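Note sheet for the following structure.
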Amino acid sequence: MSRNSIFVIKREEVEVPGLYFTSAPNQDELFQVGDQIEVYCDHEFGGDRVRDWLIGTVVQVDPKMIAVQFQDNVYLTDGWMVPDHVLWCQKDSSNIRKVLRRKRKIRPRPAKPVAKTEGDFDDNFDQDIEPDEDF
């Protein structure tokens with residue numbers, strides 16, 4: 001064959017097999033964008049690096065992973081700081097959980113007595129004022 005020879009490729013239509021699911025894709029996601037969750041990770045607390053639960057916001061949900069953004073600096077286990085405070089986690093990881101909201105008992109505060117000053121009115125102000133004699 002010479003350099004100038006042209007190859008012609010025959011085009012044929014090929015049927016692509018359809019996708020068959022044994023069950024419908026899961027539409028009920030455990031985490032939604034905007035959810036508050038806790039992640040067990042390395043982060044800064046009081047100027048020190050600690051490994052503890054930190055509250056963040058879900059910013060992206062993929063089929064297997066979620067992206068969580070934090071207000072504080074978070075670090076990878078090898079020491080690198082995570083850019084943009086966004087940490088990617090697997091959805092089924094034991095290091096993420098919904099925020100545990102602890103219910104606090106609301107205690108009624110005792111009423112503070114109001115200190116009276118010299119110019120305050122009291123219940124018997126009628127007795128303090130003498131009637132004007134000109135009327």
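A note on labels: chains of the structure tokens are A, B, ... as shown, every chain counts residues from 1, and ligands are counted from 1 in their shown order.
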Query raised in the report: Hey, what's within 8 Å of Asp52 (chain A) if we count only C-alpha atoms and toss same-chain stuff fewer than 6 positions away? As a VMD selection string, please?
Result: chain A and resid 39 to 43
Take the residues just selected and output them with N, CA and C atoms as a short mmCIF file (atom, residue, chain, number, x, y, z; two decimals), in the first residue's frame.
```
data_model
loop_
_atom_site.label_atom_id
_atom_site.label_comp_id
_atom_site.auth_asym_id
_atom_site.auth_seq_id
_atom_site.Cartn_x
_atom_site.Cartn_y
_atom_site.Cartn_z
N VAL A 39 -19.18 15.08 61.35
CA VAL A 39 -18.14 14.24 60.76
C VAL A 39 -17.03 14.08 61.79
N TYR A 40 -16.57 12.85 61.98
CA TYR A 40 -15.46 12.57 62.88
C TYR A 40 -14.18 12.80 62.10
N CYS A 41 -13.50 13.92 62.37
CA CYS A 41 -12.34 14.30 61.57
C CYS A 41 -11.36 15.12 62.39
N ASP A 42 -10.18 15.34 61.81
CA ASP A 42 -9.17 16.22 62.43
C ASP A 42 -9.55 17.66 62.12
N HIS A 43 -9.59 18.50 63.16
CA HIS A 43 -9.92 19.91 62.97
C HIS A 43 -9.31 20.73 64.10
#
```
Report task. For Leu76 (chain A), list every protein, DNA or RNA residue within 12 Å, evaluated using only C-alpha atoms, and leave out those in the same chain fewer than 3 positions away; present the list as a list of chain:residue names. Result -> A:Tyr40, A:Cys41, A:Asp42, A:His43, A:Arg49, A:Val50, A:Arg51, A:Asn73, A:Gly79, A:Trp80, A:Met81, A:Val82, A:Pro83, A:His85, A:Val86, A:Leu87, A:Trp88, A:Cys89
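Take CA of Asp62 (chain A) and CA of Asp28 (chain A): the distance between them is 13.0 Å.
Within 10 Å of Asp72 (chain A), once only C-alpha atoms are used and residues closer than 4 positions along the same chain are dropped, the contacting residues are A:His43, A:Glu44, A:Phe45, A:Leu54, A:Ile55, A:Gly56, A:Asp84, A:His85.
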Export N, CA and C atoms of the chosen residues as a PDB file, in the first residue's frame?
```pdb
ATOM      1  N   HIS A  43      -9.594  18.504  63.156  1.00  0.00           N
ATOM      2  CA  HIS A  43      -9.922  19.910  62.967  1.00  0.00           C
ATOM      3  C   HIS A  43      -9.314  20.729  64.102  1.00  0.00           C
ATOM      4  N   GLU A  44      -9.429  22.036  63.983  1.00  0.00           N
ATOM      5  CA  GLU A  44      -8.903  22.935  65.013  1.00  0.00           C
ATOM      6  C   GLU A  44      -9.982  23.245  66.041  1.00  0.00           C
ATOM      7  N   PHE A  45      -9.595  23.194  67.310  1.00  0.00           N
ATOM      8  CA  PHE A  45     -10.501  23.552  68.393  1.00  0.00           C
ATOM      9  C   PHE A  45      -9.683  24.241  69.474  1.00  0.00           C
ATOM     10  N   LEU A  54     -17.354  17.127  64.322  1.00  0.00           N
ATOM     11  CA  LEU A  54     -17.458  18.531  63.914  1.00  0.00           C
ATOM     12  C   LEU A  54     -18.686  18.686  63.038  1.00  0.00           C
ATOM     13  N   ILE A  55     -19.473  19.719  63.300  1.00  0.00           N
ATOM     14  CA  ILE A  55     -20.708  19.954  62.541  1.00  0.00           C
ATOM     15  C   ILE A  55     -20.382  20.674  61.238  1.00  0.00           C
ATOM     16  N   GLY A  56     -20.964  20.179  60.138  1.00  0.00           N
ATOM     17  CA  GLY A  56     -20.794  20.784  58.830  1.00  0.00           C
ATOM     18  C   GLY A  56     -22.091  20.725  58.045  1.00  0.00           C
ATOM     19  N   ASP A  84     -10.778  24.821  50.881  1.00  0.00           N
ATOM     20  CA  ASP A  84     -12.159  25.315  50.911  1.00  0.00           C
ATOM     21  C   ASP A  84     -12.985  24.716  52.034  1.00  0.00           C
ATOM     22  N   HIS A  85     -12.352  24.073  53.017  1.00  0.00           N
ATOM     23  CA  HIS A  85     -13.047  23.479  54.163  1.00  0.00           C
ATOM     24  C   HIS A  85     -14.063  22.420  53.733  1.00  0.00           C
TER      25      HIS A  85
END
```
Report task. For CA of Ala67 (chain A) and CA of Asn95 (chain A), determine how far apart the two atoms are, in Å to one decimal place. Result -> 13.1 Å
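From CA of Val58 (chain A) back to CA of Val99 (chain A), the distance works out to 11.7 Å.
Using only C-alpha atoms, the nearest neighbour of Gln69 (chain A) within the list A:Ala111, A:Leu30, A:Leu100, A:Ile37 is A:Ile37.
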**Report entry** Residue neighbourhood Gln32 (chain A), 9 Å, only C-alpha atoms, exclusion window fewer than 4 positions, as a PyMOL selection string
**Finding:** chain A and resi 58-61
Requested in this report: Pick out the closest residue to Ile66 (chain A) from this set: A:Asp35, A:Ile106, A:Glu29, A:Gln90. Count only C-alpha atoms.
Outcome: A:Gln90
Query raised in the report: Of the candidates A:Phe70, A:Lys64, A:Pro108, A:Thr77, which shows the shortest atom-to-atom distance to Ser93 (chain A), using only C-alpha atoms?
Result: A:Lys64
